[in-house]
file upload_11.cif (mmCIF, C-alpha atoms and all ligand atoms; chains and numbers go by the auth columns)
data_my_file
#
loop_
_atom_site.group_PDB
_atom_site.id
_atom_site.type_symbol
_atom_site.label_atom_id
_atom_site.label_comp_id
_atom_site.label_asym_id
_atom_site.label_seq_id
_atom_site.Cartn_x
_atom_site.Cartn_y
_atom_site.Cartn_z
_atom_site.B_iso_or_equiv
_atom_site.auth_seq_id
_atom_site.auth_asym_id
ATOM 1 C CA MET A 1 13.840 2.935 -12.941 0.00 1 A
ATOM 2 C CA MET A 2 12.912 3.117 -9.256 0.00 2 A
ATOM 3 C CA TYR A 3 9.459 2.958 -7.749 0.00 3 A
ATOM 4 C CA SER A 4 8.842 4.433 -4.302 0.00 4 A
ATOM 5 C CA SER A 5 8.105 1.952 -1.520 0.00 5 A
ATOM 6 C CA LYS A 6 4.583 3.389 -1.440 0.00 6 A
ATOM 7 C CA VAL A 7 4.083 2.377 -5.092 0.00 7 A
ATOM 8 C CA MET A 8 5.241 -1.175 -4.343 0.00 8 A
ATOM 9 C CA GLU A 9 3.035 -1.357 -1.265 0.00 9 A
ATOM 10 C CA LYS A 10 -0.022 -0.259 -3.271 0.00 10 A
ATOM 11 C CA PHE A 11 0.843 -2.561 -6.156 0.00 11 A
ATOM 12 C CA ARG A 12 0.713 -5.542 -3.773 0.00 12 A
ATOM 13 C CA ASP A 13 -2.417 -4.364 -1.984 0.00 13 A
ATOM 14 C CA THR A 14 -5.320 -6.141 -3.654 0.00 14 A
ATOM 15 C CA LYS A 15 -8.194 -4.931 -1.469 0.00 15 A
ATOM 16 C CA ASN A 16 -9.673 -2.694 -4.183 0.00 16 A
ATOM 17 C CA TYR A 17 -9.204 -5.221 -6.938 0.00 17 A
ATOM 18 C CA GLY A 18 -12.300 -6.740 -8.479 0.00 18 A
ATOM 19 C CA LYS A 19 -15.612 -6.048 -10.049 0.00 19 A
ATOM 20 C CA ILE A 20 -18.887 -4.642 -8.708 0.00 20 A
ATOM 21 C CA GLU A 21 -22.004 -6.388 -9.956 0.00 21 A
ATOM 22 C CA ASN A 22 -24.680 -3.826 -10.850 0.00 22 A
ATOM 23 C CA ALA A 23 -22.204 -0.974 -10.643 0.00 23 A
ATOM 24 C CA ASP A 24 -23.776 2.463 -11.062 0.00 24 A
ATOM 25 C CA GLY A 25 -20.893 3.643 -13.177 0.00 25 A
ATOM 26 C CA ILE A 26 -18.316 1.731 -15.191 0.00 26 A
ATOM 27 C CA GLY A 27 -15.329 3.355 -16.803 0.00 27 A
ATOM 28 C CA LYS A 28 -13.063 1.621 -19.272 0.00 28 A
ATOM 29 C CA VAL A 29 -9.961 3.390 -20.430 0.00 29 A
ATOM 30 C CA GLY A 30 -6.827 2.328 -22.184 0.00 30 A
ATOM 31 C CA ASN A 31 -3.508 3.542 -23.393 0.00 31 A
ATOM 32 C CA ALA A 32 -3.066 2.730 -27.056 0.00 32 A
ATOM 33 C CA LYS A 33 0.718 2.971 -26.833 0.00 33 A
ATOM 34 C CA CYS A 34 1.365 0.325 -24.190 0.00 34 A
ATOM 35 C CA GLY A 35 -1.928 -1.529 -24.600 0.00 35 A
ATOM 36 C CA ASP A 36 -2.794 -1.353 -20.897 0.00 36 A
ATOM 37 C CA VAL A 37 -6.483 -1.371 -20.002 0.00 37 A
ATOM 38 C CA MET A 38 -8.299 -0.322 -16.837 0.00 38 A
ATOM 39 C CA TRP A 39 -11.869 -0.748 -15.641 0.00 39 A
ATOM 40 C CA ILE A 40 -13.267 1.262 -12.749 0.00 40 A
ATOM 41 C CA TYR A 41 -16.539 0.247 -11.078 0.00 41 A
ATOM 42 C CA LEU A 42 -18.440 2.652 -8.848 0.00 42 A
ATOM 43 C CA LYS A 43 -21.366 2.099 -6.517 0.00 43 A
ATOM 44 C CA ILE A 44 -23.095 5.398 -5.837 0.00 44 A
ATOM 45 C CA GLU A 45 -25.784 6.282 -3.314 0.00 45 A
ATOM 46 C CA ASP A 46 -27.132 9.816 -2.850 0.00 46 A
ATOM 47 C CA GLU A 47 -24.334 11.204 -5.038 0.00 47 A
ATOM 48 C CA LYS A 48 -21.738 9.593 -2.780 0.00 48 A
ATOM 49 C CA ILE A 49 -19.272 6.887 -3.760 0.00 49 A
ATOM 50 C CA VAL A 50 -20.000 4.039 -1.371 0.00 50 A
ATOM 51 C CA ASP A 51 -17.933 1.353 -3.095 0.00 51 A
ATOM 52 C CA ALA A 52 -15.346 1.229 -5.847 0.00 52 A
ATOM 53 C CA LYS A 53 -13.235 -1.472 -7.459 0.00 53 A
ATOM 54 C CA PHE A 54 -10.784 -1.722 -10.316 0.00 54 A
ATOM 55 C CA GLU A 55 -9.470 -4.259 -12.786 0.00 55 A
ATOM 56 C CA THR A 56 -6.286 -3.210 -14.460 0.00 56 A
ATOM 57 C CA PHE A 57 -4.296 -5.148 -16.984 0.00 57 A
ATOM 58 C CA GLY A 58 -1.202 -3.077 -16.979 0.00 58 A
ATOM 59 C CA CYS A 59 2.086 -2.099 -15.483 0.00 59 A
ATOM 60 C CA VAL A 60 3.005 -1.681 -11.821 0.00 60 A
ATOM 61 C CA ALA A 61 2.349 2.062 -11.976 0.00 61 A
ATOM 62 C CA ALA A 62 -1.066 1.590 -13.589 0.00 62 A
ATOM 63 C CA ILE A 63 -2.111 -0.865 -10.876 0.00 63 A
ATOM 64 C CA ALA A 64 -0.721 1.217 -8.007 0.00 64 A
ATOM 65 C CA THR A 65 -2.402 4.376 -9.311 0.00 65 A
ATOM 66 C CA SER A 66 -5.742 2.582 -9.873 0.00 66 A
ATOM 67 C CA THR A 67 -5.974 1.356 -6.315 0.00 67 A
ATOM 68 C CA THR A 68 -4.761 4.670 -4.898 0.00 68 A
ATOM 69 C CA ALA A 69 -7.312 6.606 -6.945 0.00 69 A
ATOM 70 C CA ILE A 70 -10.000 4.324 -5.528 0.00 70 A
ATOM 71 C CA ASP A 71 -8.825 4.911 -1.962 0.00 71 A
ATOM 72 C CA MET A 72 -9.021 8.637 -2.681 0.00 72 A
ATOM 73 C CA VAL A 73 -12.574 8.674 -4.040 0.00 73 A
ATOM 74 C CA LEU A 74 -14.200 6.236 -1.598 0.00 74 A
ATOM 75 C CA GLY A 75 -16.666 8.081 0.594 0.00 75 A
ATOM 76 C CA LYS A 76 -16.385 11.241 -1.502 0.00 76 A
ATOM 77 C CA SER A 77 -19.145 12.953 -3.410 0.00 77 A
ATOM 78 C CA VAL A 78 -19.337 12.276 -7.131 0.00 78 A
ATOM 79 C CA GLU A 79 -18.454 15.899 -7.814 0.00 79 A
ATOM 80 C CA GLU A 80 -15.327 15.763 -5.644 0.00 80 A
ATOM 81 C CA ALA A 81 -14.262 12.466 -7.179 0.00 81 A
ATOM 82 C CA TYR A 82 -14.660 13.926 -10.654 0.00 82 A
ATOM 83 C CA HIS A 83 -11.985 16.462 -9.844 0.00 83 A
ATOM 84 C CA LEU A 84 -9.405 13.951 -8.687 0.00 84 A
ATOM 85 C CA THR A 85 -6.225 14.646 -10.599 0.00 85 A
ATOM 86 C CA ASN A 86 -3.415 12.305 -11.559 0.00 86 A
ATOM 87 C CA LYS A 87 -1.124 14.799 -9.798 0.00 87 A
ATOM 88 C CA ALA A 88 -2.851 14.177 -6.476 0.00 88 A
ATOM 89 C CA VAL A 89 -2.569 10.419 -7.042 0.00 89 A
ATOM 90 C CA ILE A 90 1.154 10.735 -7.803 0.00 90 A
ATOM 91 C CA GLU A 91 1.664 12.781 -4.634 0.00 91 A
ATOM 92 C CA ALA A 92 -0.122 10.125 -2.574 0.00 92 A
ATOM 93 C CA LEU A 93 2.349 7.595 -3.993 0.00 93 A
ATOM 94 C CA ASP A 94 5.428 9.699 -3.136 0.00 94 A
ATOM 95 C CA GLY A 95 6.033 10.263 -6.831 0.00 95 A
ATOM 96 C CA LEU A 96 6.427 8.191 -9.977 0.00 96 A
ATOM 97 C CA PRO A 97 9.365 7.876 -12.360 0.00 97 A
ATOM 98 C CA PRO A 98 8.915 10.458 -15.160 0.00 98 A
ATOM 99 C CA GLU A 99 8.370 7.797 -17.820 0.00 99 A
ATOM 100 C CA LYS A 100 5.497 6.413 -15.730 0.00 100 A
ATOM 101 C CA ILE A 101 3.506 9.616 -15.323 0.00 101 A
ATOM 102 C CA HIS A 102 1.262 8.694 -18.260 0.00 102 A
ATOM 103 C CA CYS A 103 0.135 5.576 -16.369 0.00 103 A
ATOM 104 C CA SER A 104 -1.382 7.758 -13.656 0.00 104 A
ATOM 105 C CA VAL A 105 -3.429 9.569 -16.303 0.00 105 A
ATOM 106 C CA LEU A 106 -5.310 6.298 -16.833 0.00 106 A
ATOM 107 C CA ALA A 107 -6.440 6.326 -13.188 0.00 107 A
ATOM 108 C CA GLU A 108 -7.779 9.874 -13.440 0.00 108 A
ATOM 109 C CA GLU A 109 -9.480 9.112 -16.750 0.00 109 A
ATOM 110 C CA GLY A 110 -10.906 5.838 -15.435 0.00 110 A
ATOM 111 C CA ILE A 111 -12.633 7.540 -12.510 0.00 111 A
ATOM 112 C CA LYS A 112 -13.942 10.293 -14.796 0.00 112 A
ATOM 113 C CA ALA A 113 -15.207 7.757 -17.344 0.00 113 A
ATOM 114 C CA ALA A 114 -17.060 5.811 -14.623 0.00 114 A
ATOM 115 C CA ILE A 115 -18.671 9.016 -13.342 0.00 115 A
ATOM 116 C CA GLU A 116 -19.667 10.039 -16.862 0.00 116 A
ATOM 117 C CA ASP A 117 -21.234 6.615 -17.328 0.00 117 A
ATOM 118 C CA TYR A 118 -23.155 7.057 -14.073 0.00 118 A
ATOM 119 C CA ARG A 119 -24.368 10.525 -15.098 0.00 119 A
ATOM 120 C CA LYS A 120 -25.395 9.293 -18.528 0.00 120 A
ATOM 121 C CA LYS A 121 -27.437 6.477 -16.974 0.00 121 A
ATOM 122 C CA LEU A 122 -29.058 8.940 -14.568 0.00 122 A
ATOM 123 C CA ALA A 123 -30.034 11.233 -17.415 0.00 123 A
ATOM 124 C CA THR A 124 -31.700 8.452 -19.368 0.00 124 A
ATOM 125 C CA SER A 125 -33.469 6.721 -16.478 0.00 125 A
HETATM 126 FE FE1 LIG B . 0.932 1.280 -19.784 0.00 1 B
HETATM 127 FE FE2 LIG B . 1.906 2.047 -17.498 0.00 1 B
HETATM 128 S S1 LIG B . 3.013 1.342 -19.206 0.00 1 B
HETATM 129 S S2 LIG B . -0.097 2.236 -18.197 0.00 1 B
#

call {"tool": "encode", "arguments": {"input": "upload_11.cif", "output": "structure tokens"}}
result
Amino acid sequence: MMYSSKVMEKFRDTKNYGKIENADGIGKVGNAKCGDVMWIYLKIEDEKIVDAKFETFGCVAAIATSTTAIDMVLGKSVEEAYHLTNKAVIEALDGLPPEKIHCSVLAEEGIKAAIEDYRKKLATS
């Protein structure tokens, strides 16, 4: 199995790794098959994503797609970020091996879960 050089570069890039205290939205998703888990933390101001971090306990593809998804939603509106697709993340990484496509689904789901958490909190506050 071969990863693109972009995937390896993103895997080693730790700038988006971490936690946000008092995050406005937290998404936790996992893949039951491989057992990998991902947390996405979002800081949102005026419906705009002003900060985002991830913690992923998973494979190279899961980590590379988490950080890439974060790069892609930073500075975007919540609505735009909600429509981020795993396909767009894969394209930004110059592709993924076919058996690793499911890992990118975690990144899309993680962002969506964090936004849903944010919206739920908004509705109840
Ligand atoms: Fe589990 Fe990649 S193998 S997310």

call {"tool": "residues_around", "arguments": {"input": "upload_11.cif", "residues": "Ala107 in chain A", "least_positions_apart": "6", "cutoff": "7 Å", "atoms": "only C-alpha atoms", "output": "number ranges by chain"}}
result
A: 65-66, 69, 86

call {"tool": "residues_near_ligand", "arguments": {"input": "upload_11.cif", "ligand": "ligand LIG 1 (chain B)", "cutoff": "12 Å", "atoms": "only C-alpha atoms and all ligand atoms", "output": "PyMOL selection string"}}
result
chain A and resi 29-38+56-66+96-110

call {"tool": "write_last_selection", "arguments": {"input": "upload_11.cif", "atoms": "C-alpha atoms", "output": "short mmCIF file (atom, residue, chain, number, x, y, z; two decimals), keeping the file's coordinate frame"}}
result
data_model
loop_
_atom_site.label_atom_id
_atom_site.label_comp_id
_atom_site.auth_asym_id
_atom_site.auth_seq_id
_atom_site.Cartn_x
_atom_site.Cartn_y
_atom_site.Cartn_z
CA VAL A 29 -9.96 3.39 -20.43
CA GLY A 30 -6.83 2.33 -22.18
CA ASN A 31 -3.51 3.54 -23.39
CA ALA A 32 -3.07 2.73 -27.06
CA LYS A 33 0.72 2.97 -26.83
CA CYS A 34 1.36 0.32 -24.19
CA GLY A 35 -1.93 -1.53 -24.60
CA ASP A 36 -2.79 -1.35 -20.90
CA VAL A 37 -6.48 -1.37 -20.00
CA MET A 38 -8.30 -0.32 -16.84
CA THR A 56 -6.29 -3.21 -14.46
CA PHE A 57 -4.30 -5.15 -16.98
CA GLY A 58 -1.20 -3.08 -16.98
CA CYS A 59 2.09 -2.10 -15.48
CA VAL A 60 3.00 -1.68 -11.82
CA ALA A 61 2.35 2.06 -11.98
CA ALA A 62 -1.07 1.59 -13.59
CA ILE A 63 -2.11 -0.86 -10.88
CA ALA A 64 -0.72 1.22 -8.01
CA THR A 65 -2.40 4.38 -9.31
CA SER A 66 -5.74 2.58 -9.87
CA LEU A 96 6.43 8.19 -9.98
CA PRO A 97 9.36 7.88 -12.36
CA PRO A 98 8.91 10.46 -15.16
CA GLU A 99 8.37 7.80 -17.82
CA LYS A 100 5.50 6.41 -15.73
CA ILE A 101 3.51 9.62 -15.32
CA HIS A 102 1.26 8.69 -18.26
CA CYS A 103 0.14 5.58 -16.37
CA SER A 104 -1.38 7.76 -13.66
CA VAL A 105 -3.43 9.57 -16.30
CA LEU A 106 -5.31 6.30 -16.83
CA ALA A 107 -6.44 6.33 -13.19
CA GLU A 108 -7.78 9.87 -13.44
CA GLU A 109 -9.48 9.11 -16.75
CA GLY A 110 -10.91 5.84 -15.44
#

call {"tool": "residues_around", "arguments": {"input": "upload_11.cif", "residues": "range 78-85 of chain A", "least_positions_apart": "2", "cutoff": "9 Å", "atoms": "all atoms listed in the file", "output": "ChimeraX atom specification"}}
result
/A:44,47-49,69,72-74,76,87-90,104-105,107-109,111-112,115-116

call {"tool": "atom_distance", "arguments": {"input": "upload_11.cif", "atom1": "CA of Lys53 in chain A", "atom2": "CA of Ile70 in chain A"}}
result
6.9 Å

call {"tool": "residues_near_point", "arguments": {"input": "upload_11.cif", "point": "(10.3, 4.4, -8.7)", "cutoff": "8 Å", "atoms": "only C-alpha atoms", "output": "list in words"}}
result
Met1, Met2, Tyr3, Ser4, Ser5, Val7, Gly95, Leu96 and Pro97 of chain A

call {"tool": "write_last_selection", "arguments": {"input": "upload_11.cif", "atoms": "C-alpha atoms", "output": "PDB file, keeping the file's coordinate frame"}}
result
ATOM      1  CA  MET A   1      13.840   2.935 -12.941  1.00  0.00           C
ATOM      2  CA  MET A   2      12.912   3.117  -9.256  1.00  0.00           C
ATOM      3  CA  TYR A   3       9.459   2.958  -7.749  1.00  0.00           C
ATOM      4  CA  SER A   4       8.842   4.433  -4.302  1.00  0.00           C
ATOM      5  CA  SER A   5       8.105   1.952  -1.520  1.00  0.00           C
ATOM      6  CA  VAL A   7       4.083   2.377  -5.092  1.00  0.00           C
ATOM      7  CA  GLY A  95       6.033  10.263  -6.831  1.00  0.00           C
ATOM      8  CA  LEU A  96       6.427   8.191  -9.977  1.00  0.00           C
ATOM      9  CA  PRO A  97       9.365   7.876 -12.360  1.00  0.00           C
TER      10      PRO A  97
END

call {"tool": "residues_near_point", "arguments": {"input": "upload_11.cif", "point": "(-19.1, -6.5, -8.5)", "cutoff": "12 Å", "atoms": "all atoms listed in the file", "output": "list in words"}}
result
Asn16, Tyr17, Gly18, Lys19, Ile20, Glu21, Asn22, Ala23, Asp24, Gly25, Ile26, Trp39, Ile40, Tyr41, Leu42, Lys43, Asp51, Ala52, Lys53, Phe54 and Glu55 of chain A

call {"tool": "atom_distance", "arguments": {"input": "upload_11.cif", "atom1": "CA of Glu91 in chain A", "atom2": "CA of Arg119 in chain A"}}
result
28.1 Å

call {"tool": "closest_residue", "arguments": {"input": "upload_11.cif", "among": "A:Val50, A:Leu93, A:Ala113, A:Ala123", "to": "Ser77 in chain A", "atoms": "all atoms listed in the file"}}
result
A:Val50

call {"tool": "atom_distance", "arguments": {"input": "upload_11.cif", "atom1": "CA of Lys10 in chain A", "atom2": "CA of Ala114 in chain A"}}
result
21.4 Å

call {"tool": "axis_aligned_box", "arguments": {"input": "upload_11.cif", "around": "range 10-28 of chain A", "padding_each_side": "5 Å", "output": "lines of an AutoDock Vina configuration file"}}
result
center_x = -11.9
center_y = -1.5
center_z = -10.4
size_x = 35.5
size_y = 20.4
size_z = 27.8

call {"tool": "closest_residue", "arguments": {"input": "upload_11.cif", "among": "A:Asp117, A:Thr68, A:Leu122, A:Asp94", "to": "Gly27 in chain A", "atoms": "only C-alpha atoms"}}
result
A:Asp117

call {"tool": "closest_residue", "arguments": {"input": "upload_11.cif", "among": "A:Tyr118, A:Thr124, A:Gly75, A:Thr67", "to": "Thr14 in chain A", "atoms": "all atoms listed in the file"}}
result
A:Thr67

call {"tool": "build_atoms", "arguments": {"input": "upload_11.cif", "residues": "range 49-60 of chain A", "atoms": "all heavy atoms", "output": "PDB file, in the coordinates of the input"}}
result
ATOM      1  N   ILE A  49     -19.885   8.142  -3.332  1.00  0.00           N
ATOM      2  CA  ILE A  49     -19.272   6.887  -3.760  1.00  0.00           C
ATOM      3  C   ILE A  49     -19.143   5.971  -2.549  1.00  0.00           C
ATOM      4  O   ILE A  49     -18.349   6.221  -1.651  1.00  0.00           O
ATOM      5  CB  ILE A  49     -17.916   7.143  -4.436  1.00  0.00           C
ATOM      6  CG1 ILE A  49     -18.181   7.982  -5.698  1.00  0.00           C
ATOM      7  CG2 ILE A  49     -17.212   5.828  -4.781  1.00  0.00           C
ATOM      8  CD1 ILE A  49     -16.995   8.441  -6.432  1.00  0.00           C
ATOM      9  N   VAL A  50     -19.962   4.926  -2.539  1.00  0.00           N
ATOM     10  CA  VAL A  50     -20.000   4.039  -1.371  1.00  0.00           C
ATOM     11  C   VAL A  50     -19.152   2.783  -1.582  1.00  0.00           C
ATOM     12  O   VAL A  50     -18.792   2.102  -0.626  1.00  0.00           O
ATOM     13  CB  VAL A  50     -21.452   3.656  -0.982  1.00  0.00           C
ATOM     14  CG1 VAL A  50     -22.208   4.885  -0.484  1.00  0.00           C
ATOM     15  CG2 VAL A  50     -22.186   2.994  -2.133  1.00  0.00           C
ATOM     16  N   ASP A  51     -18.830   2.477  -2.837  1.00  0.00           N
ATOM     17  CA  ASP A  51     -17.933   1.353  -3.095  1.00  0.00           C
ATOM     18  C   ASP A  51     -17.261   1.582  -4.452  1.00  0.00           C
ATOM     19  O   ASP A  51     -17.832   2.225  -5.335  1.00  0.00           O
ATOM     20  CB  ASP A  51     -18.713   0.031  -3.107  1.00  0.00           C
ATOM     21  CG  ASP A  51     -17.796  -1.188  -2.945  1.00  0.00           C
ATOM     22  OD1 ASP A  51     -16.600  -0.998  -2.631  1.00  0.00           O
ATOM     23  OD2 ASP A  51     -18.273  -2.317  -3.147  1.00  0.00           O
ATOM     24  N   ALA A  52     -16.063   1.074  -4.582  1.00  0.00           N
ATOM     25  CA  ALA A  52     -15.346   1.229  -5.847  1.00  0.00           C
ATOM     26  C   ALA A  52     -14.327   0.107  -5.982  1.00  0.00           C
ATOM     27  O   ALA A  52     -13.724  -0.310  -4.995  1.00  0.00           O
ATOM     28  CB  ALA A  52     -14.648   2.586  -5.889  1.00  0.00           C
ATOM     29  N   LYS A  53     -14.198  -0.395  -7.184  1.00  0.00           N
ATOM     30  CA  LYS A  53     -13.235  -1.472  -7.459  1.00  0.00           C
ATOM     31  C   LYS A  53     -12.569  -1.202  -8.808  1.00  0.00           C
ATOM     32  O   LYS A  53     -13.063  -0.434  -9.627  1.00  0.00           O
ATOM     33  CB  LYS A  53     -13.944  -2.830  -7.552  1.00  0.00           C
ATOM     34  CG  LYS A  53     -14.595  -3.288  -6.264  1.00  0.00           C
ATOM     35  CD  LYS A  53     -13.622  -4.071  -5.404  1.00  0.00           C
ATOM     36  CE  LYS A  53     -14.263  -4.591  -4.152  1.00  0.00           C
ATOM     37  NZ  LYS A  53     -13.605  -4.180  -2.946  1.00  0.00           N
ATOM     38  N   PHE A  54     -11.453  -1.873  -9.024  1.00  0.00           N
ATOM     39  CA  PHE A  54     -10.784  -1.722 -10.316  1.00  0.00           C
ATOM     40  C   PHE A  54     -10.298  -3.072 -10.830  1.00  0.00           C
ATOM     41  O   PHE A  54     -10.051  -4.010 -10.059  1.00  0.00           O
ATOM     42  CB  PHE A  54      -9.586  -0.768 -10.203  1.00  0.00           C
ATOM     43  CG  PHE A  54      -8.365  -1.414  -9.599  1.00  0.00           C
ATOM     44  CD1 PHE A  54      -7.386  -1.997 -10.405  1.00  0.00           C
ATOM     45  CD2 PHE A  54      -8.202  -1.465  -8.218  1.00  0.00           C
ATOM     46  CE1 PHE A  54      -6.263  -2.601  -9.842  1.00  0.00           C
ATOM     47  CE2 PHE A  54      -7.084  -2.068  -7.655  1.00  0.00           C
ATOM     48  CZ  PHE A  54      -6.113  -2.635  -8.472  1.00  0.00           C
ATOM     49  N   GLU A  55     -10.183  -3.153 -12.133  1.00  0.00           N
ATOM     50  CA  GLU A  55      -9.470  -4.259 -12.786  1.00  0.00           C
ATOM     51  C   GLU A  55      -8.523  -3.588 -13.764  1.00  0.00           C
ATOM     52  O   GLU A  55      -8.970  -2.858 -14.647  1.00  0.00           O
ATOM     53  CB  GLU A  55     -10.436  -5.150 -13.561  1.00  0.00           C
ATOM     54  CG  GLU A  55     -11.337  -5.977 -12.691  1.00  0.00           C
ATOM     55  CD  GLU A  55     -12.298  -6.810 -13.515  1.00  0.00           C
ATOM     56  OE1 GLU A  55     -12.982  -6.246 -14.375  1.00  0.00           O
ATOM     57  OE2 GLU A  55     -12.338  -8.019 -13.291  1.00  0.00           O
ATOM     58  N   THR A  56      -7.265  -3.836 -13.579  1.00  0.00           N
ATOM     59  CA  THR A  56      -6.286  -3.210 -14.460  1.00  0.00           C
ATOM     60  C   THR A  56      -5.349  -4.263 -15.018  1.00  0.00           C
ATOM     61  O   THR A  56      -4.790  -5.057 -14.260  1.00  0.00           O
ATOM     62  CB  THR A  56      -5.480  -2.138 -13.700  1.00  0.00           C
ATOM     63  OG1 THR A  56      -6.371  -1.099 -13.319  1.00  0.00           O
ATOM     64  CG2 THR A  56      -4.366  -1.553 -14.547  1.00  0.00           C
ATOM     65  N   PHE A  57      -5.263  -4.287 -16.329  1.00  0.00           N
ATOM     66  CA  PHE A  57      -4.296  -5.148 -16.984  1.00  0.00           C
ATOM     67  C   PHE A  57      -3.210  -4.220 -17.469  1.00  0.00           C
ATOM     68  O   PHE A  57      -3.314  -3.622 -18.522  1.00  0.00           O
ATOM     69  CB  PHE A  57      -4.968  -5.937 -18.106  1.00  0.00           C
ATOM     70  CG  PHE A  57      -6.092  -6.786 -17.567  1.00  0.00           C
ATOM     71  CD1 PHE A  57      -7.404  -6.357 -17.633  1.00  0.00           C
ATOM     72  CD2 PHE A  57      -5.803  -7.989 -16.924  1.00  0.00           C
ATOM     73  CE1 PHE A  57      -8.438  -7.119 -17.074  1.00  0.00           C
ATOM     74  CE2 PHE A  57      -6.834  -8.743 -16.362  1.00  0.00           C
ATOM     75  CZ  PHE A  57      -8.151  -8.317 -16.444  1.00  0.00           C
ATOM     76  N   GLY A  58      -2.205  -4.061 -16.622  1.00  0.00           N
ATOM     77  CA  GLY A  58      -1.202  -3.077 -16.979  1.00  0.00           C
ATOM     78  C   GLY A  58       0.012  -3.157 -16.086  1.00  0.00           C
ATOM     79  O   GLY A  58       0.188  -4.110 -15.328  1.00  0.00           O
ATOM     80  N   CYS A  59       0.803  -2.121 -16.184  1.00  0.00           N
ATOM     81  CA  CYS A  59       2.086  -2.099 -15.483  1.00  0.00           C
ATOM     82  C   CYS A  59       1.903  -1.823 -13.993  1.00  0.00           C
ATOM     83  O   CYS A  59       0.807  -1.500 -13.529  1.00  0.00           O
ATOM     84  CB  CYS A  59       2.974  -1.032 -16.111  1.00  0.00           C
ATOM     85  SG  CYS A  59       2.394   0.640 -15.768  1.00  0.00           S
ATOM     86  N   VAL A  60       2.996  -1.933 -13.269  1.00  0.00           N
ATOM     87  CA  VAL A  60       3.005  -1.681 -11.821  1.00  0.00           C
ATOM     88  C   VAL A  60       2.422  -0.302 -11.508  1.00  0.00           C
ATOM     89  O   VAL A  60       1.584  -0.160 -10.610  1.00  0.00           O
ATOM     90  CB  VAL A  60       4.459  -1.782 -11.286  1.00  0.00           C
ATOM     91  CG1 VAL A  60       4.559  -1.286  -9.863  1.00  0.00           C
ATOM     92  CG2 VAL A  60       4.962  -3.218 -11.400  1.00  0.00           C
TER      93      VAL A  60
END
